[in-house]
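> What follows is start.cif, made up of mmCIF, C-alpha atoms:
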data_protein
#
loop_
_atom_site.label_atom_id
_atom_site.label_comp_id
_atom_site.auth_asym_id
_atom_site.auth_seq_id
_atom_site.Cartn_x
_atom_site.Cartn_y
_atom_site.Cartn_z
CA MET V 1 21.44 -5.38 -37.22
CA THR V 2 23.90 -4.16 -34.63
CA SER V 3 23.02 -1.30 -32.38
CA ARG V 4 25.93 0.77 -33.67
CA PHE V 5 24.63 0.47 -37.20
CA VAL V 6 21.28 1.68 -35.99
CA HIS V 7 23.13 4.61 -34.42
CA LEU V 8 24.73 5.37 -37.71
CA LEU V 9 21.40 5.31 -39.53
CA ALA V 10 19.88 7.56 -36.92
CA LEU V 11 22.80 9.96 -37.17
CA GLY V 12 22.68 10.02 -40.91
CA LEU V 13 18.92 10.38 -41.25
CA ILE V 14 17.95 12.73 -38.50
CA GLY V 15 21.21 13.88 -36.94
CA GLY V 16 19.37 13.76 -33.66
CA VAL V 17 20.02 12.49 -30.17
CA VAL V 18 20.63 8.79 -29.70
CA GLN V 19 21.18 6.88 -26.55
CA GLY V 20 24.43 4.92 -26.48
CA ALA V 21 24.53 1.20 -25.77
CA THR V 22 23.57 0.42 -22.23
CA ALA V 23 25.15 -2.76 -20.98
CA ALA V 24 25.00 -4.51 -17.65
CA GLU V 25 28.69 -5.14 -17.12
CA GLY V 26 29.10 -3.07 -13.99
CA PRO V 27 30.18 0.41 -13.01
CA SER V 28 32.09 1.14 -16.23
CA ALA V 29 29.33 -0.15 -18.48
CA PRO V 30 29.08 2.09 -21.53
CA ASN V 31 26.25 4.57 -21.15
CA TYR V 32 26.46 7.83 -23.02
CA GLU V 33 24.55 10.08 -25.35
CA ILE V 34 25.62 10.76 -28.93
CA LYS V 35 24.61 14.11 -30.37
CA ASP V 36 25.77 15.78 -33.60
CA TYR V 37 28.47 13.15 -34.25
CA ALA V 38 29.95 13.67 -30.78
CA ILE V 39 29.53 12.78 -27.10
CA PRO V 40 29.02 16.20 -25.48
CA SER V 41 28.95 15.09 -21.85
CA PRO V 42 32.04 13.72 -20.09
CA LEU V 43 31.76 10.08 -19.03
CA THR V 44 32.87 10.90 -15.48
CA SER V 45 32.23 13.63 -12.96
CA SER V 46 35.96 14.09 -12.32
CA PRO V 47 37.68 15.94 -15.17
CA GLY V 48 40.22 14.24 -17.42
CA SER V 49 43.91 14.70 -16.71
CA PRO V 50 46.24 15.28 -19.69
CA GLU V 51 49.19 13.87 -17.71
CA ARG V 52 47.37 10.62 -16.98
CA GLY V 53 46.07 10.57 -20.56
CA ARG V 54 49.61 10.74 -21.87
CA ALA V 55 50.49 7.66 -19.81
CA VAL V 56 47.41 5.77 -21.01
CA ILE V 57 48.31 6.59 -24.63
CA LEU V 58 51.86 5.27 -24.19
CA GLU V 59 50.96 2.11 -22.23
CA ARG V 60 50.84 -0.88 -24.56
CA GLU V 61 48.27 -2.73 -22.46
CA LEU V 62 45.95 0.32 -22.38
CA GLY V 63 45.68 2.84 -25.21
CA ASN V 64 48.72 1.64 -27.16
CA CYS V 65 47.83 4.51 -29.50
CA LEU V 66 51.34 4.64 -30.99
CA ALA V 67 50.75 1.21 -32.50
CA CYS V 68 48.77 2.97 -35.23
CA HIS V 69 49.22 6.76 -34.83
CA ALA V 70 52.13 9.17 -34.96
CA ILE V 71 51.70 11.42 -31.90
CA PRO V 72 53.88 14.37 -30.89
CA LEU V 73 55.38 12.51 -27.94
CA ASP V 74 58.92 11.54 -27.18
CA ALA V 75 58.43 7.95 -28.39
CA GLU V 76 60.10 5.86 -31.06
CA PHE V 77 58.55 3.99 -33.98
CA PRO V 78 54.98 5.24 -34.19
CA GLY V 79 52.64 3.27 -36.45
CA SER V 80 51.14 4.53 -39.71
CA VAL V 81 47.84 2.63 -39.81
CA GLY V 82 45.82 5.60 -38.54
CA PRO V 83 46.27 9.32 -39.25
CA PRO V 84 48.91 11.37 -37.39
CA LEU V 85 47.40 13.08 -34.36
CA ALA V 86 49.43 16.30 -34.36
CA GLY V 87 46.95 19.17 -34.23
CA VAL V 88 43.97 16.90 -33.59
CA GLY V 89 42.96 19.08 -30.63
CA ALA V 90 42.55 22.01 -33.03
CA ARG V 91 40.62 20.02 -35.61
CA LEU V 92 38.17 18.33 -33.25
CA THR V 93 36.33 19.39 -30.12
CA PRO V 94 36.64 17.34 -26.91
CA ALA V 95 33.11 16.04 -27.57
CA GLN V 96 34.13 14.85 -31.05
CA LEU V 97 37.36 13.35 -29.71
CA ARG V 98 35.35 11.52 -27.03
CA LEU V 99 33.15 9.71 -29.57
CA ARG V 100 36.20 8.73 -31.62
CA VAL V 101 37.88 7.18 -28.58
CA VAL V 102 34.69 5.59 -27.22
CA ASP V 103 33.60 3.96 -30.51
CA SER V 104 34.88 5.39 -33.77
CA LYS V 105 32.88 2.78 -35.69
CA VAL V 106 29.74 4.78 -34.92
CA LEU V 107 31.13 7.23 -37.48
CA ASN V 108 32.82 4.73 -39.79
CA PRO V 109 31.67 1.11 -39.47
CA ALA V 110 34.58 -0.04 -41.67
CA SER V 111 37.22 1.50 -39.40
CA ALA V 112 40.05 -0.62 -38.04
CA MET V 113 40.15 1.45 -34.84
CA PRO V 114 39.03 -0.48 -31.76
CA ALA V 115 36.21 0.94 -29.66
CA TYR V 116 37.94 1.77 -26.38
CA PHE V 117 34.73 1.97 -24.37
CA ARG V 118 32.54 -0.84 -25.64
CA SER V 119 32.24 -4.37 -24.31
CA SER V 120 29.24 -5.77 -26.17
CA GLY V 121 28.64 -6.80 -29.76
CA LEU V 122 32.10 -8.39 -29.97
CA ASN V 123 33.08 -11.83 -31.26
CA ARG V 124 35.30 -14.52 -29.63
CA VAL V 125 36.75 -12.16 -27.01
CA GLN V 126 39.49 -13.83 -24.93
CA ALA V 127 38.09 -15.00 -21.60
CA GLU V 128 40.02 -12.52 -19.47
CA TYR V 129 38.60 -9.55 -21.43
CA VAL V 130 34.96 -10.65 -21.71
CA GLY V 131 32.58 -7.94 -20.53
CA LYS V 132 35.42 -5.45 -20.10
CA THR V 133 36.11 -2.26 -22.01
CA ILE V 134 39.69 -1.57 -23.17
CA LEU V 135 39.75 1.68 -21.17
CA THR V 136 37.76 2.78 -18.13
CA ALA V 137 35.52 5.84 -18.36
CA GLN V 138 38.14 7.86 -16.47
CA GLN V 139 40.92 6.72 -18.82
CA VAL V 140 38.80 7.79 -21.82
CA GLU V 141 38.40 11.24 -20.25
CA ASP V 142 42.16 11.38 -19.57
CA VAL V 143 42.99 10.50 -23.19
CA VAL V 144 40.49 13.09 -24.48
CA ALA V 145 42.06 15.70 -22.18
CA PHE V 146 45.51 14.92 -23.58
CA LEU V 147 44.38 14.92 -27.22
CA ALA V 148 42.70 18.29 -26.66
CA THR V 149 46.15 19.73 -25.83
CA LEU V 150 47.49 18.80 -29.30
CA LYS V 151 46.85 22.14 -31.00
CA MET T 1 37.19 26.12 -59.87
CA ARG T 2 39.79 25.58 -62.51
CA ARG T 3 42.90 26.03 -60.39
CA PRO T 4 42.08 23.48 -57.70
CA ARG T 5 41.28 20.93 -60.40
CA MET T 6 44.61 21.61 -62.09
CA ALA T 7 46.36 21.22 -58.76
CA ALA T 8 44.57 17.92 -58.19
CA VAL T 9 45.64 16.64 -61.59
CA LEU T 10 49.25 17.64 -60.96
CA CYS T 11 49.21 16.08 -57.52
CA THR T 12 47.82 12.83 -58.89
CA ALA T 13 50.41 12.78 -61.65
CA ALA T 14 53.19 13.41 -59.15
CA LEU T 15 51.95 10.61 -56.89
CA LEU T 16 51.69 8.18 -59.79
CA CYS T 17 55.23 9.04 -60.87
CA ALA T 18 56.50 8.56 -57.33
CA ALA T 19 54.74 5.20 -57.09
CA TRP T 20 56.18 4.15 -60.43
CA VAL T 21 59.70 5.17 -59.49
CA GLN T 22 59.44 3.40 -56.13
CA ALA T 23 57.84 0.21 -57.45
CA GLU T 24 60.41 -2.45 -56.88
CA ASP T 25 60.69 -5.52 -59.05
CA TRP T 26 60.23 -8.39 -56.62
CA GLY T 27 60.41 -10.99 -59.38
CA ARG T 28 58.79 -14.28 -58.42
CA TYR T 29 58.04 -12.97 -54.91
CA ALA T 30 55.18 -10.88 -56.36
CA VAL T 31 52.31 -12.23 -58.46
CA ASP T 32 49.49 -10.03 -59.78
CA GLY T 33 50.30 -7.40 -57.17
CA ARG T 34 50.21 -9.91 -54.29
CA ARG T 35 53.54 -10.02 -52.48
CA SER T 36 55.21 -12.63 -50.31
CA GLY T 37 56.17 -11.74 -46.74
CA TYR T 38 59.72 -11.94 -48.14
CA THR T 39 59.20 -8.53 -49.78
CA TYR T 40 58.17 -6.95 -46.46
CA ALA T 41 61.17 -8.37 -44.57
CA ALA T 42 64.36 -6.40 -43.96
CA ALA T 43 67.23 -6.93 -46.40
CA GLU T 44 69.30 -8.77 -43.78
CA THR T 45 66.34 -11.07 -43.00
CA ARG T 46 65.98 -11.88 -46.69
CA ALA T 47 69.71 -12.58 -46.94
CA MET T 48 69.44 -14.92 -43.95
CA GLN T 49 66.63 -16.84 -45.63
CA ASP T 50 68.47 -17.07 -48.94
CA ASP T 51 71.69 -18.52 -47.51
CA GLU T 52 71.15 -22.16 -46.54
CA PHE T 53 73.96 -21.96 -43.96
CA ASP T 54 72.61 -18.78 -42.36
CA ASN T 55 68.97 -19.87 -42.51
CA PRO T 56 68.23 -21.30 -39.03
CA GLY T 57 65.44 -23.37 -40.59
CA SER T 58 68.13 -25.59 -42.12
CA LEU T 59 68.56 -27.24 -38.71
CA TRP T 60 64.97 -28.46 -38.85
CA LEU T 61 65.41 -29.63 -42.45
CA ALA T 62 68.40 -31.76 -41.41
CA ARG T 63 66.41 -33.23 -38.52
CA GLY T 64 63.49 -33.90 -40.88
CA ALA T 65 65.78 -35.75 -43.30
CA GLU T 66 66.97 -37.97 -40.43
CA LEU T 67 63.45 -38.67 -39.24
CA TRP T 68 62.38 -39.53 -42.79
CA GLN T 69 64.72 -42.54 -42.64
CA THR T 70 63.94 -43.51 -39.03
CA ALA T 71 61.70 -46.54 -38.50
CA GLU T 72 59.21 -46.04 -35.68
CA GLY T 73 56.08 -47.74 -34.35
CA GLN T 74 54.69 -51.26 -34.38
CA ALA T 75 54.91 -51.66 -38.18
CA GLY T 76 58.66 -51.05 -38.06
CA LYS T 77 58.43 -48.59 -40.94
CA SER T 78 59.96 -45.23 -41.68
CA CYS T 79 58.51 -42.63 -44.05
CA ALA T 80 61.04 -43.83 -46.63
CA SER T 81 59.72 -47.41 -46.39
CA CYS T 82 56.65 -46.35 -48.37
CA HIS T 83 57.56 -42.97 -49.88
CA GLN T 84 61.23 -43.67 -50.82
CA GLU T 85 63.01 -40.46 -51.81
CA ALA T 86 61.20 -37.41 -50.46
CA ALA T 87 62.65 -35.22 -53.22
CA ALA T 88 60.55 -37.16 -55.72
CA SER T 89 57.55 -38.41 -53.74
CA MET T 90 56.88 -35.23 -51.76
CA ARG T 91 57.49 -32.73 -54.56
CA GLY T 92 54.33 -30.68 -55.03
CA VAL T 93 52.80 -31.53 -51.64
CA GLY T 94 53.80 -28.23 -50.06
CA ALA T 95 52.30 -26.31 -52.99
CA ARG T 96 48.98 -28.17 -52.91
CA TYR T 97 48.05 -28.59 -49.23
CA PRO T 98 45.75 -28.40 -47.35
CA VAL T 99 43.62 -30.88 -49.31
CA PHE T 100 40.21 -32.48 -48.85
CA ALA T 101 40.51 -35.92 -47.25
CA PRO T 102 37.49 -38.02 -48.33
CA GLU T 103 38.02 -40.57 -45.55
CA LEU T 104 37.74 -37.81 -42.93
CA GLY T 105 35.20 -35.59 -44.70
CA ARG T 106 37.30 -32.49 -44.02
CA LEU T 107 40.55 -30.78 -44.99
CA VAL T 108 43.93 -31.98 -43.71
CA ASN T 109 47.16 -30.00 -43.66
CA VAL T 110 50.66 -31.45 -43.89
CA GLU T 111 51.04 -31.74 -40.10
CA GLN T 112 47.79 -33.69 -39.83
CA ARG T 113 48.67 -35.94 -42.79
CA ILE T 114 52.03 -36.79 -41.21
CA ASN T 115 50.33 -37.80 -37.97
CA GLN T 116 47.65 -39.72 -39.88
CA CYS T 117 50.45 -41.70 -41.54
CA ARG T 118 52.12 -42.33 -38.20
CA ARG T 119 48.92 -43.65 -36.65
CA GLU T 120 47.54 -45.66 -39.54
CA HIS T 121 50.61 -46.94 -41.38
CA MET T 122 53.47 -46.89 -38.87
CA GLY T 123 51.59 -47.75 -35.69
CA ALA T 124 53.41 -44.86 -34.03
CA ALA T 125 52.11 -42.19 -31.66
CA PRO T 126 51.27 -38.90 -33.35
CA TRP T 127 53.67 -36.03 -32.75
CA ALA T 128 52.39 -33.17 -30.59
CA THR T 129 51.54 -29.81 -32.14
CA GLU T 130 54.60 -27.55 -32.34
CA SER T 131 56.90 -30.40 -31.22
CA GLU T 132 60.37 -30.38 -32.74
CA PRO T 133 59.88 -33.59 -34.77
CA LEU T 134 56.55 -32.42 -36.21
CA LEU T 135 57.99 -29.01 -37.14
CA ALA T 136 61.05 -30.73 -38.64
CA MET T 137 59.07 -33.24 -40.70
CA THR T 138 56.55 -30.62 -41.88
CA ALA T 139 59.34 -28.28 -42.94
CA TYR T 140 61.19 -31.13 -44.64
CA VAL T 141 58.12 -32.24 -46.59
CA LYS T 142 57.14 -28.72 -47.65
CA HIS T 143 60.74 -27.86 -48.54
CA GLN T 144 60.60 -30.52 -51.26
CA SER T 145 58.32 -28.07 -53.12
CA LEU T 146 60.74 -25.16 -52.75
CA ASP T 147 60.10 -22.55 -55.48
CA LEU T 148 57.03 -24.33 -56.87
CA PRO T 149 54.04 -21.99 -57.17
CA VAL T 150 51.40 -22.38 -54.45
CA ASN T 151 48.38 -23.95 -56.12
CA PRO T 152 45.68 -25.33 -53.80
CA ALA T 153 42.37 -26.83 -54.97
CA ILE T 154 39.48 -24.70 -53.74
CA ASP T 155 36.71 -26.19 -55.86
CA GLY T 156 34.83 -29.50 -55.68
CA PRO T 157 34.75 -31.02 -52.20
CA ALA T 158 37.10 -28.31 -50.87
CA ALA T 159 34.70 -25.50 -51.78
CA PRO T 160 32.63 -25.33 -48.56
CA PHE T 161 35.80 -25.40 -46.43
CA PHE T 162 37.35 -22.67 -48.53
CA ALA T 163 34.20 -20.59 -48.07
CA ARG T 164 34.42 -21.05 -44.31
CA GLY T 165 38.10 -20.05 -44.34
CA ARG T 166 37.26 -16.91 -46.29
CA HIS T 167 34.52 -16.09 -43.80
CA ILE T 168 36.93 -16.46 -40.87
CA TYR T 169 39.41 -14.19 -42.64
CA HIS T 170 36.80 -11.45 -42.95
CA THR T 171 35.21 -11.77 -39.49
CA ARG T 172 36.08 -9.26 -36.78
CA ARG T 173 37.10 -10.83 -33.48
CA GLY T 174 38.47 -10.09 -30.05
CA GLN T 175 38.26 -7.08 -27.77
CA LEU T 176 40.13 -5.09 -30.44
CA ASP T 177 37.44 -6.11 -32.95
CA LEU T 178 39.71 -6.69 -35.94
CA ALA T 179 39.54 -9.16 -38.82
CA CYS T 180 42.55 -10.45 -40.77
CA ILE T 181 41.64 -8.04 -43.58
CA HIS T 182 42.15 -4.94 -41.46
CA CYS T 183 45.90 -5.48 -41.19
CA HIS T 184 46.73 -7.74 -44.12
CA GLU T 185 44.48 -6.40 -46.90
CA MET T 186 43.75 -2.81 -45.92
CA ASN T 187 47.01 -1.84 -44.23
CA HIS T 188 49.84 -3.96 -45.58
CA GLY T 189 52.95 -1.86 -45.94
CA ASN T 190 51.89 0.35 -43.03
CA MET T 191 53.72 0.25 -39.73
CA LEU T 192 52.14 -1.28 -36.63
CA ARG T 193 54.48 0.41 -34.20
CA ALA T 194 57.91 -0.87 -35.34
CA GLN T 195 56.53 -3.79 -37.35
CA ARG T 196 55.73 -3.49 -41.05
CA LEU T 197 52.42 -5.19 -41.81
CA SER T 198 52.65 -7.81 -44.54
CA GLU T 199 49.92 -9.38 -46.64
CA GLY T 200 49.86 -12.39 -44.31
CA MET T 201 51.02 -14.83 -46.97
CA SER T 202 51.53 -18.42 -45.84
CA ASN T 203 53.95 -19.67 -48.49
CA GLY T 204 57.01 -19.74 -46.21
CA PHE T 205 55.59 -21.80 -43.31
CA PRO T 206 56.73 -23.42 -41.15
CA ALA T 207 58.96 -20.35 -40.92
CA TYR T 208 61.78 -19.36 -38.61
CA ARG T 209 60.48 -16.40 -36.62
CA LEU T 210 63.24 -14.15 -35.30
CA LYS T 211 60.97 -12.84 -32.54
CA TRP T 212 60.38 -16.37 -31.25
CA GLN T 213 63.86 -17.71 -32.06
CA THR T 214 62.39 -20.92 -33.42
CA LEU T 215 60.68 -22.49 -36.37
CA ALA T 216 56.92 -21.94 -36.03
CA SER T 217 53.89 -23.52 -37.64
CA LEU T 218 51.23 -21.48 -39.43
CA GLN T 219 48.78 -22.39 -36.67
CA ARG T 220 51.07 -20.86 -34.05
CA ARG T 221 51.37 -17.70 -36.15
CA MET T 222 47.57 -17.47 -36.49
CA GLU T 223 47.17 -17.96 -32.74
CA GLY T 224 49.63 -15.11 -32.20
CA CYS T 225 47.53 -12.77 -34.34
CA MET T 226 44.35 -13.80 -32.49
CA ARG T 227 45.91 -13.14 -29.09
CA ASP T 228 47.17 -9.77 -30.36
CA VAL T 229 43.57 -8.70 -30.97
CA ARG T 230 42.53 -10.29 -27.64
CA ALA T 231 40.49 -12.98 -29.36
CA GLU T 232 40.01 -16.54 -28.14
CA PRO T 233 42.17 -18.82 -30.32
CA TYR T 234 40.60 -22.00 -31.68
CA ALA T 235 41.37 -25.37 -30.11
CA ASP T 236 44.62 -27.01 -31.15
CA GLY T 237 44.16 -28.61 -34.57
CA ALA T 238 40.66 -27.14 -35.01
CA GLU T 239 39.11 -27.34 -38.46
CA GLU T 240 38.83 -23.55 -38.48
CA TYR T 241 42.63 -23.24 -38.64
CA VAL T 242 42.86 -25.62 -41.57
CA ASP T 243 39.99 -23.92 -43.42
CA LEU T 244 41.75 -20.60 -42.89
CA GLU T 245 45.00 -22.22 -44.03
CA LEU T 246 43.33 -23.12 -47.34
CA TYR T 247 42.09 -19.56 -47.78
CA LEU T 248 45.59 -18.22 -47.06
CA ALA T 249 47.09 -20.71 -49.53
CA TRP T 250 44.66 -19.40 -52.17
CA ARG T 251 45.69 -15.83 -51.36
CA ALA T 252 49.30 -16.94 -51.87
CA ARG T 253 48.51 -18.75 -55.14
CA GLY T 254 51.33 -18.42 -57.64
CA LEU T 255 53.87 -17.32 -55.03
CA PRO T 256 56.78 -19.74 -54.55
CA VAL T 257 56.93 -22.16 -51.62
CA GLU T 258 59.69 -20.68 -49.43
CA THR T 259 59.73 -23.14 -46.51
CA PRO T 260 61.62 -22.54 -44.31
CA ALA T 261 61.23 -18.76 -44.67
CA VAL T 262 62.78 -16.33 -42.18
CA ARG T 263 60.46 -13.68 -40.81
CA ASN T 264 60.48 -11.02 -38.08
#
Here is a file; write its structure as structure tokens.

Amino acid sequence: MTSRFVHLLALGLIGGVVQGATAAEGPSAPNYEIKDYAIPSPLTSSPGSPERGRAVILERELGNCLACHAIPLDAEFPGSVGPPLAGVGARLTPAQLRLRVVDSKVLNPASAMPAYFRSSGLNRVQAEYVGKTILTAQQVEDVVAFLATLK
Amino acid sequence: MRRPRMAAVLCTAALLCAAWVQAEDWGRYAVDGRRSGYTYAAAETRAMQDDEFDNPGSLWLARGAELWQTAEGQAGKSCASCHQEAAASMRGVGARYPVFAPELGRLVNVEQRINQCRREHMGAAPWATESEPLLAMTAYVKHQSLDLPVNPAIDGPAAPFFARGRHIYHTRRGQLDLACIHCHEMNHGNMLRAQRLSEGMSNGFPAYRLKWQTLASLQRRMEGCMRDVRAEPYADGAEEYVDLELYLAWRARGLPVETPAVRN
């Protein structure tokens, strides 16, 4: 059974505190604490920057968020696979947004949304991406900071 | 309590009406609710496919017809030496493949069967994957089944390979952790940025891909999807591709062979 499924069981049964996956892939190795369906503590000591987050969201090799989501940004042809993100900063707290960016499959194992801060438990990853997360901890914080502005 | 329920009923009714009004009759390009990639393509792309002079795939068909008659290899034979008229001898092949090959103990697709023929019966070197002659001959052979319903055998000796293909289709892969189902079963019709996701039907391959400006094999298209999710593609000609090809052919069962289709 995968560790994220265990997380889900723990969340569902006791709603308590669970330790996130700890990997040995280096400085950006995922290590965080999930509490009440959220990650309350920032992943970095330096705060997220909404300006940098906006760039990460737009960059196709990084967040590429527009592939699936409509986002109130000056960008053409947003995708419709995921829900529109207008107002998401009013609906969810930064802690809730953080878990969704880090690994939304903790909440919904059937989700199509990639985990942006997980590098283990994956299958046939292309050599150049093995052991790497899609975003760095700082980029996750930047994206969360931007999403929190969408009120 | 009563008002919200009424609202829900009205909303549902309105949605059903909207769906009914919008439902387009795709004729033979839709079977039991499963739709060919043709129905997800833009109108001008469909028109390009339908017109044999505008369809760029016609160039490969003409080349394939030439190669059919060309003797090659130590045996001094062409395809026509044994198979005569392709229109008769190859009709049905494109609807049926990939098939179980008892002598090999695995599935073969049309590309592999062509190269098997070249090696064993013509004494000629096999054509390389994605080479112009192999694309041309594959398209030419499959085109002889144009409009026939896709109808692969998935039982008997093919059953374990079909099961493996189905497993591959449902298995998440790559850094983006997606399986084929996430785009092509759960999100077809939705937009992935500017691209409309189709049901991933294989009945038009080899197909002319506008993005690549060339005819492309199904294997190349599968590799493209795998790279898109940052997954390691299989080795060239790997059994996994052919097993997956059989599963895709089963998904496309009943849809017409469209080779060479035109796709985005």
> Can you write out as a Markdown table which residues of chain T fall within 7 Å of chain V, alongside each residue's closest atom pair and its distance in Å to one decimal, counting all atoms listed in the file and ordering rows by chain and ascending residue number?

| residue | atom | partner | partner_atom | distance |
| --- | --- | --- | --- | --- |
| T:Arg172 | CA | V:Asn123 | CA | 6.8 |
| T:Arg173 | CA | V:Asn123 | CA | 4.7 |
| T:Gly174 | CA | V:Val125 | CA | 4.1 |
| T:Gln175 | CA | V:Val125 | CA | 5.4 |
| T:Leu176 | CA | V:Pro114 | CA | 4.9 |
| T:Asp177 | CA | V:Pro114 | CA | 6.0 |
| T:Leu178 | CA | V:Ala112 | CA | 6.4 |
| T:His182 | CA | V:Ala112 | CA | 5.9 |
| T:Asn187 | CA | V:Val81 | CA | 6.3 |
| T:Asn190 | CA | V:Ser80 | CA | 5.4 |
| T:Met191 | CA | V:Gly79 | CA | 4.6 |
| T:Leu192 | CA | V:Gly79 | CA | 4.6 |
| T:Arg193 | CA | V:Gly79 | CA | 4.1 |
| T:Ala194 | CA | V:Phe77 | CA | 5.1 |
| T:Arg230 | CA | V:Gln126 | CA | 5.4 |
| T:Ala231 | CA | V:Val125 | CA | 4.5 |
| T:Glu232 | CA | V:Gln126 | CA | 4.2 |
> Tell me which residues the PyMOL selection byres ((chain V and resi 41-45) around 12) grabs here, as number ranges by chain.
V: 20, 27-35, 38-40, 46-49, 93-99, 101-102, 117, 135-145
> Near T:Asn109, within 7 Å and counting all atoms listed in the file, which residues show up once chain neighbours fewer than 4 positions away are dropped, as a VMD selection string?
chain T and resid 97 to 99 113 242
> Determine the residue set returned by the PyMOL selection byres ((chain T and resi 50) around 12) for the present structure, and present it as a list in words.
Tyr38, Ala43, Glu44, Thr45, Arg46, Ala47, Met48, Gln49, Asp51, Glu52, Phe53, Asp54, Asn55, Pro56, Gly57, Ser58, Leu146, Asp147, Glu258, Thr259, Pro260, Ala261, Val262 and Arg263 of chain T
> As number ranges by chain, please: the residues near T:Pro149 (cut-off 7 Å, only C-alpha atoms, same-chain neighbours under 5 positions excluded).
T: 95, 253-257
> Applying the PyMOL selection byres ((chain T and resi 155-159) around 9) to the file I just gave you, which residues come out? Please list them as a ChimeraX atom specification.
/T:99-100,102,105-107,153-154,160-164,246
> If you measure from atom CA of T:Asp243 to atom CA of T:Ser78, what distance in Å do you get, rounded to one decimal?
29.3 Å
> Measuring between only C-alpha atoms, which one of T:Val141, T:Ala42, T:Leu134, T:Cys117 shows the shortest distance to T:Ala88?
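For T:Ala88, the nearest of the given residues is T:Val141.
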